[in-house]
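What follows is one structure encoded as structure tokens, with my remarks underneath.
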Amino acid sequence: MKLRDLTNKATWKNKNLLKIFLLIAFLILFKPPIVETIGKLFRCTFSAITDIRSFQLNLTTPRTGEHILPPAVQEMLAILRSHQIISYNISGKIMNDPTLHQRIVESAWPRRMSPESNYKFIFISELDNSSNCREIERRKEVTLVFCR
């Protein structure tokens, strides 16, 4: 049976139904990642709907989801909180890493990144004893320094 015969059948008189059929066939045959993504989207949506209480708790609980942040960002957040720092600065090396830069800005809010701040985060590898900065706290990946 040819494709033309299928399109002439009474069931395909509705052109919109034919378009949907062809789109689904294309997605299944030629774009498996799209089908997988759509499936994940439906599973996540179904999960959120069936367990709405847990979903709402995750939205309203402070610090939920921080475990997925890069370790350096988690360290910076912990330092900001423990020293109750309102504004901070980051080194050029951290600034040039788009992931770290974006994640610290969004997760540290309402604390603000400010070039005028005396508190600065730097990588451990950037530590220089000859600088005019005093080390406040050191973690595995980052250090908070106070610069005048």
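Scheme for the structure tokens: letters A, B, ... for chains in order shown; per-chain residue numbers from 1; ligand numbers from 1 in order shown.
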
Filtered DSSP result for range 3-147 of chain A, state strand (DSSP E), as number ranges by chain: A: 87-90, 112-113, 119-123, 133-138, 142-147

Neighbour list for Leu100 in chain A as a list of chain:residue names, cut-off 9 Å, only C-alpha atoms, skip fewer than 5 positions in-chain: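 So, after excluding close chain neighbours, the residues are A:Leu69, A:Pro70, A:Ala72, A:Val73, A:Ile94, A:Met95, A:Val105.
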
Can you build me a table of range 51-86 of chain A residues sitting at most 10 Å from range 128-138 of chain A, with the closest atom pair per residue and its distance in Å to one decimal, using only C-alpha atoms, sorted by chain and residue number, as a Markdown table?
| residue | atom | partner | partner_atom | distance |
| --- | --- | --- | --- | --- |
| A:Glu75 | CA | A:Arg138 | CA | 9.2 |
| A:Met76 | CA | A:Arg138 | CA | 9.9 |
| A:Ile79 | CA | A:Glu137 | CA | 7.4 |
| A:His83 | CA | A:Ile136 | CA | 9.3 |

Range 113-123 of chain A surroundings by only C-alpha atoms, 6 Å radius, close-in-sequence under 6 positions cut, as a list in words: Ser87, Tyr88, Asn89, Ile90, Ser91, Glu141, Val142, Thr143, Leu144, Val145, Phe146 and Cys147 of chain A

Write out, as a CSV table (one decimal), in the first residue's frame, the residues just selected, with C-alpha atoms.
chain,number,residue,atom,x,y,z
A,87,SER,CA,28.3,42.4,49.1
A,88,TYR,CA,31.2,40.5,47.6
A,89,ASN,CA,33.5,40.5,44.6
A,90,ILE,CA,34.9,37.7,42.6
A,91,SER,CA,38.3,37.2,40.9
A,141,GLU,CA,38.3,25.3,46.0
A,142,VAL,CA,37.9,29.0,47.0
A,143,THR,CA,39.1,31.5,49.5
A,144,LEU,CA,37.5,34.6,50.9
A,145,VAL,CA,40.0,37.5,51.2
A,146,PHE,CA,39.6,41.1,52.5
A,147,CYS,CA,41.4,43.6,50.3

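Among the candidates A:Ile28, A:Ile104, A:Ile38, A:Leu57, the one nearest to Pro71 in chain A when counting only C-alpha atoms is A:Ile104.
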
Backbone DSSP call of helix (DSSP H, G or I) for chain A, listed as a VMD selection string: chain A and resid 3 to 8 10 to 12 15 to 30 32 to 50 52 to 60 66 to 68 71 to 83 92 to 95 98 to 108 124 to 126

Pick from A:Arg63, A:Lys93, A:His101, A:Lys31, whichever lies nearest to Arg81 in chain A using only C-alpha atoms: A:Arg63
